[in-house]
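**Q** Dropping in data_20.csv, which is CSV, N, CA and C atoms:
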```csv
chain,number,residue,atom,x,y,z
A,929,GLN,N,111.2,104.9,91.7
A,929,GLN,CA,110.0,104.8,92.4
A,929,GLN,C,109.0,105.8,91.9
A,930,LEU,N,107.8,105.4,91.6
A,930,LEU,CA,106.7,106.3,91.1
A,930,LEU,C,105.7,106.6,92.2
A,931,GLN,N,105.2,107.8,92.1
A,931,GLN,CA,104.1,108.2,93.0
A,931,GLN,C,102.8,108.2,92.1
A,932,LEU,N,101.8,107.4,92.4
A,932,LEU,CA,100.6,107.2,91.6
A,932,LEU,C,99.4,107.8,92.3
A,933,VAL,N,98.6,108.5,91.6
A,933,VAL,CA,97.4,109.1,92.2
A,933,VAL,C,96.2,108.8,91.3
A,934,GLU,N,95.2,108.1,91.8
A,934,GLU,CA,94.1,107.7,91.0
A,934,GLU,C,93.0,108.8,91.2
A,935,SER,N,92.1,108.9,90.2
A,935,SER,CA,91.0,109.8,90.4
A,935,SER,C,89.9,109.3,89.4
A,936,GLY,N,88.7,109.9,89.5
A,936,GLY,CA,87.7,109.6,88.5
A,936,GLY,C,86.6,108.6,89.0
A,937,GLY,N,86.8,108.0,90.2
A,937,GLY,CA,85.7,107.1,90.6
A,937,GLY,C,84.4,107.8,91.0
A,938,GLY,N,83.4,107.0,91.2
A,938,GLY,CA,82.1,107.6,91.6
A,938,GLY,C,81.0,106.6,91.5
A,939,LEU,N,79.8,107.1,91.6
A,939,LEU,CA,78.6,106.3,91.5
A,939,LEU,C,78.1,106.3,90.1
A,940,VAL,N,77.8,105.2,89.5
A,940,VAL,CA,77.3,105.2,88.2
A,940,VAL,C,76.3,104.1,88.1
A,941,GLN,N,75.2,104.3,87.3
A,941,GLN,CA,74.2,103.3,87.1
A,941,GLN,C,74.6,102.1,86.2
A,942,PRO,N,74.1,101.0,86.4
A,942,PRO,CA,74.4,99.8,85.5
A,942,PRO,C,74.3,100.2,84.1
A,943,GLY,N,75.3,99.8,83.3
A,943,GLY,CA,75.3,100.2,81.9
A,943,GLY,C,76.0,101.5,81.6
A,944,GLY,N,76.3,102.2,82.6
A,944,GLY,CA,77.0,103.5,82.4
A,944,GLY,C,78.5,103.4,82.2
A,945,SER,N,79.2,104.5,82.2
A,945,SER,CA,80.6,104.6,81.9
A,945,SER,C,81.3,105.5,82.9
A,946,LEU,N,82.6,105.2,83.2
A,946,LEU,CA,83.4,106.0,84.0
A,946,LEU,C,84.8,105.9,83.3
A,947,ARG,N,85.6,107.0,83.5
A,947,ARG,CA,87.0,107.0,83.1
A,947,ARG,C,87.8,107.3,84.3
A,948,LEU,N,88.7,106.3,84.7
A,948,LEU,CA,89.6,106.5,85.8
A,948,LEU,C,90.9,107.0,85.3
A,949,SER,N,91.6,107.9,86.1
A,949,SER,CA,92.9,108.4,85.7
A,949,SER,C,93.9,108.0,86.8
A,950,CYS,N,95.1,107.8,86.3
A,950,CYS,CA,96.3,107.5,87.2
A,950,CYS,C,97.4,108.4,86.8
A,951,ALA,N,97.7,109.4,87.6
A,951,ALA,CA,98.7,110.3,87.4
A,951,ALA,C,100.0,109.8,88.0
A,952,ALA,N,101.1,109.7,87.2
A,952,ALA,CA,102.3,109.2,87.7
A,952,ALA,C,103.4,110.3,87.8
A,953,SER,N,103.9,110.4,89.0
A,953,SER,CA,105.1,111.3,89.2
A,953,SER,C,106.3,110.5,89.3
A,954,GLY,N,107.4,111.1,88.8
A,954,GLY,CA,108.7,110.4,88.8
A,954,GLY,C,108.9,109.5,87.6
A,955,LEU,N,108.0,109.6,86.6
A,955,LEU,CA,108.1,108.7,85.4
A,955,LEU,C,109.1,109.3,84.4
A,956,THR,N,110.3,108.8,84.5
A,956,THR,CA,111.4,109.3,83.6
A,956,THR,C,111.8,108.4,82.5
A,957,SER,N,111.1,107.3,82.4
A,957,SER,CA,111.4,106.4,81.2
A,957,SER,C,110.2,105.6,80.9
A,958,ASP,N,110.2,104.8,79.8
A,958,ASP,CA,109.1,104.0,79.4
A,958,ASP,C,109.2,102.6,79.9
A,959,TYR,N,110.2,102.3,80.7
A,959,TYR,CA,110.4,100.9,81.1
A,959,TYR,C,109.6,100.5,82.3
A,960,TYR,N,108.4,100.8,82.2
A,960,TYR,CA,107.4,100.5,83.3
A,960,TYR,C,106.2,99.8,82.7
A,961,ALA,N,105.6,99.0,83.6
A,961,ALA,CA,104.3,98.5,83.3
A,961,ALA,C,103.4,99.1,84.3
A,962,ILE,N,102.2,99.5,83.9
A,962,ILE,CA,101.2,100.1,84.7
A,962,ILE,C,100.0,99.2,84.7
A,963,GLY,N,99.5,98.9,85.9
A,963,GLY,CA,98.3,98.0,86.0
A,963,GLY,C,97.2,98.7,86.7
A,964,TRP,N,96.0,98.3,86.4
A,964,TRP,CA,94.8,98.6,87.2
A,964,TRP,C,94.3,97.4,87.9
A,965,PHE,N,94.0,97.6,89.2
A,965,PHE,CA,93.5,96.5,90.0
A,965,PHE,C,92.3,97.0,90.7
A,966,ARG,N,91.5,96.0,91.2
A,966,ARG,CA,90.4,96.4,92.0
A,966,ARG,C,90.2,95.4,93.2
A,967,GLN,N,89.6,95.9,94.2
A,967,GLN,CA,89.3,95.1,95.4
A,967,GLN,C,87.9,95.4,95.9
A,968,ALA,N,87.1,94.4,95.9
A,968,ALA,CA,85.7,94.5,96.4
A,968,ALA,C,85.7,94.1,97.9
A,969,PRO,N,84.8,94.6,98.7
A,969,PRO,CA,84.7,94.2,100.1
A,969,PRO,C,84.8,92.7,100.3
A,970,GLY,N,85.6,92.2,101.1
A,970,GLY,CA,85.7,90.8,101.4
A,970,GLY,C,86.4,90.0,100.4
A,971,LYS,N,86.9,90.6,99.3
A,971,LYS,CA,87.6,89.8,98.3
A,971,LYS,C,89.0,90.2,98.1
A,972,GLU,N,89.8,89.4,97.5
A,972,GLU,CA,91.2,89.7,97.2
A,972,GLU,C,91.3,90.7,96.1
A,973,ARG,N,92.4,91.4,96.1
A,973,ARG,CA,92.7,92.4,95.0
A,973,ARG,C,92.9,91.6,93.7
A,974,GLU,N,92.3,92.0,92.6
A,974,GLU,CA,92.5,91.3,91.4
A,974,GLU,C,92.9,92.3,90.3
A,975,GLY,N,93.7,91.7,89.3
A,975,GLY,CA,94.1,92.5,88.2
A,975,GLY,C,93.0,92.7,87.2
A,976,VAL,N,93.0,93.9,86.7
A,976,VAL,CA,91.9,94.3,85.7
A,976,VAL,C,92.5,94.5,84.3
A,977,SER,N,93.6,95.2,84.2
A,977,SER,CA,94.2,95.5,83.0
A,977,SER,C,95.6,96.1,83.2
A,978,CYS,N,96.5,96.0,82.2
A,978,CYS,CA,97.8,96.5,82.4
A,978,CYS,C,98.3,96.9,81.0
A,979,ILE,N,99.4,97.7,81.0
A,979,ILE,CA,100.0,98.2,79.8
A,979,ILE,C,101.5,98.3,80.0
A,980,LYS,N,102.3,97.9,79.0
A,980,LYS,CA,103.7,98.2,79.1
A,980,LYS,C,104.0,99.5,78.3
A,981,LEU,N,104.6,100.4,78.9
A,981,LEU,CA,104.6,101.8,78.3
A,981,LEU,C,105.6,101.8,77.1
A,982,ARG,N,106.6,101.0,77.1
A,982,ARG,CA,107.6,101.0,76.0
A,982,ARG,C,107.0,100.4,74.7
A,983,SER,N,106.1,99.4,74.8
A,983,SER,CA,105.5,98.8,73.7
A,983,SER,C,104.1,99.0,73.5
A,984,ASP,N,103.4,99.6,74.5
A,984,ASP,CA,101.9,99.8,74.5
A,984,ASP,C,101.2,98.5,74.4
A,985,ARG,N,101.8,97.4,74.7
A,985,ARG,CA,101.1,96.1,74.8
A,985,ARG,C,100.2,96.1,76.0
A,986,THR,N,99.0,95.6,75.8
A,986,THR,CA,98.0,95.7,76.9
A,986,THR,C,97.5,94.2,77.2
A,987,MET,N,96.9,94.1,78.3
A,987,MET,CA,96.3,92.9,78.8
A,987,MET,C,95.1,93.2,79.6
A,988,TYR,N,94.1,92.3,79.5
A,988,TYR,CA,92.8,92.5,80.2
A,988,TYR,C,92.4,91.2,80.9
A,989,ALA,N,91.8,91.4,82.0
A,989,ALA,CA,91.1,90.2,82.7
A,989,ALA,C,89.9,89.8,81.8
A,990,ASP,N,89.6,88.5,81.8
A,990,ASP,CA,88.4,88.1,81.0
A,990,ASP,C,87.2,88.8,81.4
A,991,SER,N,87.0,89.1,82.7
A,991,SER,CA,85.8,89.7,83.2
A,991,SER,C,85.5,91.1,82.6
A,992,VAL,N,86.6,91.8,82.1
A,992,VAL,CA,86.4,93.1,81.6
A,992,VAL,C,86.7,93.3,80.1
A,993,LYS,N,87.1,92.2,79.4
A,993,LYS,CA,87.4,92.3,78.0
A,993,LYS,C,86.2,92.8,77.2
A,994,GLY,N,86.5,93.7,76.3
A,994,GLY,CA,85.4,94.3,75.5
A,994,GLY,C,84.6,95.4,76.2
A,995,ARG,N,84.9,95.6,77.5
A,995,ARG,CA,84.2,96.7,78.2
A,995,ARG,C,85.1,97.8,78.7
A,996,PHE,N,86.3,97.4,79.1
A,996,PHE,CA,87.3,98.3,79.6
A,996,PHE,C,88.4,98.5,78.6
A,997,THR,N,89.0,99.7,78.6
A,997,THR,CA,90.1,100.0,77.8
A,997,THR,C,91.2,100.8,78.5
A,998,ILE,N,92.4,100.3,78.5
A,998,ILE,CA,93.5,101.1,79.1
A,998,ILE,C,94.2,101.9,78.1
A,999,SER,N,94.6,103.1,78.5
A,999,SER,CA,95.3,104.0,77.5
A,999,SER,C,96.2,104.9,78.3
A,1000,ARG,N,97.0,105.7,77.6
A,1000,ARG,CA,97.9,106.6,78.2
A,1000,ARG,C,98.0,107.9,77.5
A,1001,ASP,N,98.4,108.9,78.2
A,1001,ASP,CA,98.7,110.2,77.6
A,1001,ASP,C,100.1,110.6,78.0
A,1002,ASN,N,101.0,110.4,77.1
A,1002,ASN,CA,102.4,110.6,77.4
A,1002,ASN,C,102.7,112.0,77.9
A,1003,ALA,N,102.1,113.0,77.3
A,1003,ALA,CA,102.4,114.4,77.7
A,1003,ALA,C,102.0,114.7,79.1
A,1004,LYS,N,101.0,114.0,79.6
A,1004,LYS,CA,100.5,114.2,81.0
A,1004,LYS,C,101.0,113.2,82.0
A,1005,ASN,N,101.8,112.2,81.5
A,1005,ASN,CA,102.2,111.1,82.4
A,1005,ASN,C,101.0,110.5,83.1
A,1006,THR,N,100.0,110.3,82.4
A,1006,THR,CA,98.7,109.8,83.0
A,1006,THR,C,98.2,108.6,82.2
A,1007,MET,N,97.8,107.6,82.9
A,1007,MET,CA,97.1,106.4,82.3
A,1007,MET,C,95.7,106.5,82.7
A,1008,TYR,N,94.9,105.9,81.8
A,1008,TYR,CA,93.4,105.9,82.0
A,1008,TYR,C,92.9,104.5,81.9
A,1009,LEU,N,91.7,104.3,82.5
A,1009,LEU,CA,90.9,103.1,82.4
A,1009,LEU,C,89.5,103.5,82.1
A,1010,GLN,N,89.2,103.4,80.8
A,1010,GLN,CA,87.8,103.7,80.3
A,1010,GLN,C,87.0,102.5,80.6
A,1011,MET,N,85.9,102.6,81.4
A,1011,MET,CA,85.0,101.5,81.8
A,1011,MET,C,83.7,101.8,81.2
A,1012,ASN,N,83.2,100.9,80.4
A,1012,ASN,CA,81.9,101.0,79.7
A,1012,ASN,C,81.0,99.8,80.2
A,1013,SER,N,79.8,99.9,80.0
A,1013,SER,CA,78.8,98.8,80.3
A,1013,SER,C,79.0,98.3,81.7
A,1014,LEU,N,79.1,99.2,82.6
A,1014,LEU,CA,79.4,98.8,84.0
A,1014,LEU,C,78.3,98.0,84.6
A,1015,LYS,N,78.8,97.1,85.5
A,1015,LYS,CA,77.9,96.1,86.1
A,1015,LYS,C,78.0,96.3,87.6
A,1016,PRO,N,77.0,95.8,88.4
A,1016,PRO,CA,77.2,95.9,89.9
A,1016,PRO,C,78.4,95.1,90.3
A,1017,GLU,N,78.8,94.1,89.7
A,1017,GLU,CA,80.0,93.3,90.1
A,1017,GLU,C,81.3,94.1,89.8
A,1018,ASP,N,81.3,95.2,89.2
A,1018,ASP,CA,82.4,96.0,89.0
A,1018,ASP,C,82.7,96.9,90.2
A,1019,THR,N,81.8,96.9,91.1
A,1019,THR,CA,81.9,97.8,92.3
A,1019,THR,C,83.1,97.3,93.1
A,1020,ALA,N,84.0,98.3,93.3
A,1020,ALA,CA,85.3,98.0,94.1
A,1020,ALA,C,86.1,99.3,94.2
A,1021,VAL,N,87.1,99.2,95.0
A,1021,VAL,CA,88.1,100.3,95.0
A,1021,VAL,C,89.1,99.9,93.9
A,1022,TYR,N,89.4,100.8,93.1
A,1022,TYR,CA,90.3,100.6,91.9
A,1022,TYR,C,91.6,101.3,92.2
A,1023,TYR,N,92.7,100.5,92.0
A,1023,TYR,CA,94.1,101.0,92.2
A,1023,TYR,C,94.9,101.0,90.9
A,1024,CYS,N,95.8,101.9,90.8
A,1024,CYS,CA,96.8,101.7,89.8
A,1024,CYS,C,98.1,101.4,90.5
A,1025,ALA,N,99.0,100.7,89.7
A,1025,ALA,CA,100.2,100.3,90.3
A,1025,ALA,C,101.3,100.2,89.2
A,1026,SER,N,102.5,100.0,89.6
A,1026,SER,CA,103.6,100.0,88.5
A,1026,SER,C,104.7,99.1,88.9
A,1027,TYR,N,105.4,98.6,87.9
A,1027,TYR,CA,106.7,98.0,88.2
A,1027,TYR,C,107.6,98.3,87.0
A,1028,LEU,N,108.9,98.3,87.3
A,1028,LEU,CA,110.0,98.6,86.4
A,1028,LEU,C,110.3,97.3,85.7
A,1029,THR,N,110.4,97.4,84.3
A,1029,THR,CA,110.7,96.2,83.6
A,1029,THR,C,111.5,96.5,82.3
A,1030,TRP,N,112.6,95.9,82.0
A,1030,TRP,CA,113.4,96.1,80.8
A,1030,TRP,C,112.8,95.2,79.7
A,1031,ASP,N,112.0,94.3,80.0
A,1031,ASP,CA,111.4,93.3,79.0
A,1031,ASP,C,110.1,94.0,78.5
A,1032,PHE,N,110.2,94.8,77.5
A,1032,PHE,CA,109.0,95.5,77.0
A,1032,PHE,C,108.3,94.7,75.9
A,1033,ARG,N,108.9,93.6,75.4
A,1033,ARG,CA,108.3,92.8,74.4
A,1033,ARG,C,107.2,91.9,74.8
A,1034,SER,N,107.4,91.3,76.0
A,1034,SER,CA,106.4,90.4,76.5
A,1034,SER,C,105.2,91.1,77.1
A,1035,LEU,N,104.1,90.4,77.4
A,1035,LEU,CA,102.9,91.1,78.0
A,1035,LEU,C,103.2,91.4,79.4
A,1036,CYS,N,102.5,92.4,79.9
A,1036,CYS,CA,102.5,92.8,81.3
A,1036,CYS,C,101.7,91.7,82.0
A,1037,GLY,N,101.9,91.7,83.3
A,1037,GLY,CA,101.2,90.7,84.1
A,1037,GLY,C,100.2,91.3,85.0
A,1038,LEU,N,99.2,90.5,85.5
A,1038,LEU,CA,98.1,91.0,86.3
A,1038,LEU,C,98.2,90.4,87.7
A,1039,SER,N,99.4,89.9,88.1
A,1039,SER,CA,99.6,89.5,89.5
A,1039,SER,C,100.0,90.6,90.3
A,1040,THR,N,99.4,90.8,91.5
A,1040,THR,CA,99.7,91.9,92.4
A,1040,THR,C,101.2,91.8,92.9
A,1041,SER,N,101.7,90.6,92.9
A,1041,SER,CA,103.1,90.4,93.4
A,1041,SER,C,104.1,91.1,92.5
A,1042,LEU,N,103.8,91.4,91.2
A,1042,LEU,CA,104.7,92.0,90.3
A,1042,LEU,C,104.9,93.5,90.6
A,1043,TYR,N,103.9,94.1,91.2
A,1043,TYR,CA,103.9,95.5,91.3
A,1043,TYR,C,104.5,96.1,92.6
A,1044,VAL,N,105.2,97.2,92.4
A,1044,VAL,CA,105.9,97.7,93.5
A,1044,VAL,C,105.3,99.0,94.1
A,1045,ASP,N,104.9,99.9,93.2
A,1045,ASP,CA,104.3,101.2,93.7
A,1045,ASP,C,102.8,101.1,93.4
A,1046,TRP,N,102.1,101.6,94.4
A,1046,TRP,CA,100.6,101.6,94.4
A,1046,TRP,C,100.1,103.0,94.7
A,1047,GLY,N,98.9,103.3,94.1
A,1047,GLY,CA,98.2,104.5,94.5
A,1047,GLY,C,97.3,104.2,95.6
A,1048,GLN,N,96.5,105.2,96.0
A,1048,GLN,CA,95.7,105.1,97.2
A,1048,GLN,C,94.3,104.5,96.9
A,1049,GLY,N,93.9,104.5,95.6
A,1049,GLY,CA,92.7,103.9,95.2
A,1049,GLY,C,91.6,104.9,95.1
A,1050,THR,N,90.6,104.6,94.2
A,1050,THR,CA,89.4,105.4,94.0
A,1050,THR,C,88.2,104.4,94.0
A,1051,GLN,N,87.1,104.8,94.6
A,1051,GLN,CA,85.9,104.0,94.7
A,1051,GLN,C,85.1,104.1,93.5
A,1052,VAL,N,84.7,102.9,93.0
A,1052,VAL,CA,83.7,102.8,91.9
A,1052,VAL,C,82.5,102.0,92.5
A,1053,THR,N,81.3,102.6,92.3
A,1053,THR,CA,80.1,101.9,92.8
A,1053,THR,C,79.1,101.9,91.7
A,1054,VAL,N,78.6,100.7,91.5
A,1054,VAL,CA,77.6,100.4,90.5
A,1054,VAL,C,76.4,99.7,91.2
A,1055,PRO,N,75.4,100.4,91.6
A,1055,PRO,CA,74.3,99.8,92.4
A,1055,PRO,C,73.6,98.7,91.6
A,1056,SER,N,73.1,97.7,92.3
A,1056,SER,CA,72.3,96.7,91.7
A,1056,SER,C,70.8,97.0,91.6
```
Is it possible to give me this structure as structure tokens?
**A**
Amino acid sequence: QLQLVESGGGLVQPGGSLRLSCAASGLTSDYYAIGWFRQAPGKEREGVSCIKLRSDRTMYADSVKGRFTISRDNAKNTMYLQMNSLKPEDTAVYYCASYLTWDFRSLCGLSTSLYVDWGQGTQVTVPS
């Protein structure tokens, strides 16, 4: 079981950038997938991006492709979500989450049902 703590959210103008961090405690192997999700008021939680730590294979939702980048710092057990060209529709609470998987060759998934451990979330606001 991982303990995940997000940080880095805030208020940013349209077109601006933010980098979210997800610090993972209890990460003793690479057989995990880490995902970033977001939930806007009145909407369901949706997957944004994910990475399989063993293979570094990544996946992105169509809505963020070319604008968001997921990455990791092994030494710090921290994953990042670099968000560029932010839009008002990116406004949401952003969560990181994880699931254990021995299948490191295939892509990670963006379905919330896959993920077991969740952070508390960090607010990102892009005013219109």
**Q** Taking 3 positions as the minimum chain separation for residues in the same chain, which residues sit within 8 Å of Leu1035 in chain A when counting only N, CA and C atoms? Answer as a ChimeraX atom specification.
**A** /A:978-980,985-987,1031-1032,1038
**Q** When distances are computed from only N, CA and C atoms, which of A:Ile998, A:Val1054, A:Asn1005, A:Gln1048 shows the smallest separation from Glu1017 in chain A?
**A**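 Comparing A:Ile998, A:Val1054, A:Asn1005, A:Gln1048 against Glu1017 in chain A, the winner is A:Val1054.
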**Q** I need the residue nearest Ser945 in chain A from this list: A:Ser957, A:Ser1026, A:Asn1012, A:Thr1050. Use all atoms listed in the file for the distance.
**A**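 Closest candidate: A:Asn1012.
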**Q** Between A:Lys1015, A:Tyr1008, A:Ala952, A:Gly970, which residue has the minimum interatomic distance to Val992 in chain A, considering only C-alpha atoms?
**A**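 The answer is A:Lys1015, which sits nearest to Val992 in chain A.
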**Q** Choose the residue, out of A:Gln931, A:Ser999, A:Ser1013, A:Ser977, that has the smallest atom-to-atom separation from Gly1047 in chain A; count all atoms listed in the file.
**A**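 Residue with the minimum atom-to-atom distance to Gly1047 in chain A: A:Gln931.
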**Q** Return the single residue from A:Gly937, A:Pro1016, A:Thr956, A:Lys1004 that is closest to Pro1055 in chain A, with distances computed using all atoms listed in the file.
**A**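 Smallest distance to Pro1055 in chain A is found for A:Pro1016.
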**Q** Rank nothing, just name the residue among A:Val933, A:Leu1042, A:Leu981, A:Cys1024 nearest to Gln967 in chain A, using only C-alpha atoms.
**A**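 Nearest to Gln967 in chain A: A:Cys1024.
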**Q** For a test of reading the model, state the distance in Å between CA of Lys993 in chain A and CA of Trp1046 in chain A, rounded to one decimal.
**A**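 Computing it gives 23.0 Å between the two atoms.
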**Q** Which distance in Å separates atom C of Gln941 in chain A and CA of Ser1056 in chain A, to one decimal?
**A**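 That distance, rounded to one decimal, is 8.0 Å.
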**Q** So which residues touch Arg947 in chain A within 12 Å, counting only C-alpha atoms, skipping near sequence neighbours fewer than 3 positions away, as a PDB file with N, CA and C atoms, in the frame of the given file?
**A**
```pdb
ATOM      1  N   GLU A 934      95.200 108.100  91.800  1.00  0.00           N
ATOM      2  CA  GLU A 934      94.100 107.700  91.000  1.00  0.00           C
ATOM      3  C   GLU A 934      93.000 108.800  91.200  1.00  0.00           C
ATOM      4  N   SER A 935      92.100 108.900  90.200  1.00  0.00           N
ATOM      5  CA  SER A 935      91.000 109.800  90.400  1.00  0.00           C
ATOM      6  C   SER A 935      89.900 109.300  89.400  1.00  0.00           C
ATOM      7  N   GLY A 936      88.700 109.900  89.500  1.00  0.00           N
ATOM      8  CA  GLY A 936      87.700 109.600  88.500  1.00  0.00           C
ATOM      9  C   GLY A 936      86.600 108.600  89.000  1.00  0.00           C
ATOM     10  N   GLY A 937      86.800 108.000  90.200  1.00  0.00           N
ATOM     11  CA  GLY A 937      85.700 107.100  90.600  1.00  0.00           C
ATOM     12  C   GLY A 937      84.400 107.800  91.000  1.00  0.00           C
ATOM     13  N   GLY A 938      83.400 107.000  91.200  1.00  0.00           N
ATOM     14  CA  GLY A 938      82.100 107.600  91.600  1.00  0.00           C
ATOM     15  C   GLY A 938      81.000 106.600  91.500  1.00  0.00           C
ATOM     16  N   LEU A 939      79.800 107.100  91.600  1.00  0.00           N
ATOM     17  CA  LEU A 939      78.600 106.300  91.500  1.00  0.00           C
ATOM     18  C   LEU A 939      78.100 106.300  90.100  1.00  0.00           C
ATOM     19  N   VAL A 940      77.800 105.200  89.500  1.00  0.00           N
ATOM     20  CA  VAL A 940      77.300 105.200  88.200  1.00  0.00           C
ATOM     21  C   VAL A 940      76.300 104.100  88.100  1.00  0.00           C
ATOM     22  N   GLY A 944      76.300 102.200  82.600  1.00  0.00           N
ATOM     23  CA  GLY A 944      77.000 103.500  82.400  1.00  0.00           C
ATOM     24  C   GLY A 944      78.500 103.400  82.200  1.00  0.00           C
ATOM     25  N   CYS A 950      95.100 107.800  86.300  1.00  0.00           N
ATOM     26  CA  CYS A 950      96.300 107.500  87.200  1.00  0.00           C
ATOM     27  C   CYS A 950      97.400 108.400  86.800  1.00  0.00           C
ATOM     28  N   ARG A 995      84.900  95.600  77.500  1.00  0.00           N
ATOM     29  CA  ARG A 995      84.200  96.700  78.200  1.00  0.00           C
ATOM     30  C   ARG A 995      85.100  97.800  78.700  1.00  0.00           C
ATOM     31  N   PHE A 996      86.300  97.400  79.100  1.00  0.00           N
ATOM     32  CA  PHE A 996      87.300  98.300  79.600  1.00  0.00           C
ATOM     33  C   PHE A 996      88.400  98.500  78.600  1.00  0.00           C
ATOM     34  N   THR A 997      89.000  99.700  78.600  1.00  0.00           N
ATOM     35  CA  THR A 997      90.100 100.000  77.800  1.00  0.00           C
ATOM     36  C   THR A 997      91.200 100.800  78.500  1.00  0.00           C
ATOM     37  N   ILE A 998      92.400 100.300  78.500  1.00  0.00           N
ATOM     38  CA  ILE A 998      93.500 101.100  79.100  1.00  0.00           C
ATOM     39  C   ILE A 998      94.200 101.900  78.100  1.00  0.00           C
ATOM     40  N   SER A 999      94.600 103.100  78.500  1.00  0.00           N
ATOM     41  CA  SER A 999      95.300 104.000  77.500  1.00  0.00           C
ATOM     42  C   SER A 999      96.200 104.900  78.300  1.00  0.00           C
ATOM     43  N   ARG A1000      97.000 105.700  77.600  1.00  0.00           N
ATOM     44  CA  ARG A1000      97.900 106.600  78.200  1.00  0.00           C
ATOM     45  C   ARG A1000      98.000 107.900  77.500  1.00  0.00           C
ATOM     46  N   MET A1007      97.800 107.600  82.900  1.00  0.00           N
ATOM     47  CA  MET A1007      97.100 106.400  82.300  1.00  0.00           C
ATOM     48  C   MET A1007      95.700 106.500  82.700  1.00  0.00           C
ATOM     49  N   TYR A1008      94.900 105.900  81.800  1.00  0.00           N
ATOM     50  CA  TYR A1008      93.400 105.900  82.000  1.00  0.00           C
ATOM     51  C   TYR A1008      92.900 104.500  81.900  1.00  0.00           C
ATOM     52  N   LEU A1009      91.700 104.300  82.500  1.00  0.00           N
ATOM     53  CA  LEU A1009      90.900 103.100  82.400  1.00  0.00           C
ATOM     54  C   LEU A1009      89.500 103.500  82.100  1.00  0.00           C
ATOM     55  N   GLN A1010      89.200 103.400  80.800  1.00  0.00           N
ATOM     56  CA  GLN A1010      87.800 103.700  80.300  1.00  0.00           C
ATOM     57  C   GLN A1010      87.000 102.500  80.600  1.00  0.00           C
ATOM     58  N   MET A1011      85.900 102.600  81.400  1.00  0.00           N
ATOM     59  CA  MET A1011      85.000 101.500  81.800  1.00  0.00           C
ATOM     60  C   MET A1011      83.700 101.800  81.200  1.00  0.00           C
ATOM     61  N   ASN A1012      83.200 100.900  80.400  1.00  0.00           N
ATOM     62  CA  ASN A1012      81.900 101.000  79.700  1.00  0.00           C
ATOM     63  C   ASN A1012      81.000  99.800  80.200  1.00  0.00           C
ATOM     64  N   SER A1013      79.800  99.900  80.000  1.00  0.00           N
ATOM     65  CA  SER A1013      78.800  98.800  80.300  1.00  0.00           C
ATOM     66  C   SER A1013      79.000  98.300  81.700  1.00  0.00           C
ATOM     67  N   LEU A1014      79.100  99.200  82.600  1.00  0.00           N
ATOM     68  CA  LEU A1014      79.400  98.800  84.000  1.00  0.00           C
ATOM     69  C   LEU A1014      78.300  98.000  84.600  1.00  0.00           C
ATOM     70  N   TYR A1022      89.400 100.800  93.100  1.00  0.00           N
ATOM     71  CA  TYR A1022      90.300 100.600  91.900  1.00  0.00           C
ATOM     72  C   TYR A1022      91.600 101.300  92.200  1.00  0.00           C
ATOM     73  N   THR A1050      90.600 104.600  94.200  1.00  0.00           N
ATOM     74  CA  THR A1050      89.400 105.400  94.000  1.00  0.00           C
ATOM     75  C   THR A1050      88.200 104.400  94.000  1.00  0.00           C
ATOM     76  N   VAL A1052      84.700 102.900  93.000  1.00  0.00           N
ATOM     77  CA  VAL A1052      83.700 102.800  91.900  1.00  0.00           C
ATOM     78  C   VAL A1052      82.500 102.000  92.500  1.00  0.00           C
TER      79      VAL A1052
END
```
**Q** From a backbone DSSP assignment, name each residue in chain A labelled helix (DSSP H, G or I), as JSON, numbers by chain.
**A** {"A": [1002, 1003, 1004, 1016, 1017, 1018, 1040, 1041, 1042]}
**Q** Do you have the CA of Asp1045 in chain A-CA of Ala1025 in chain A distance handy?
**A** 5.4 Å
**Q** Tell me which protein, DNA and RNA residues are within 5 Å of Tyr1023 in chain A, counting all atoms listed in the file, leaving out same-chain ones fewer than 6 positions away, and put them as a PyMOL selection string.
**A** chain A and resi 964-966+1049
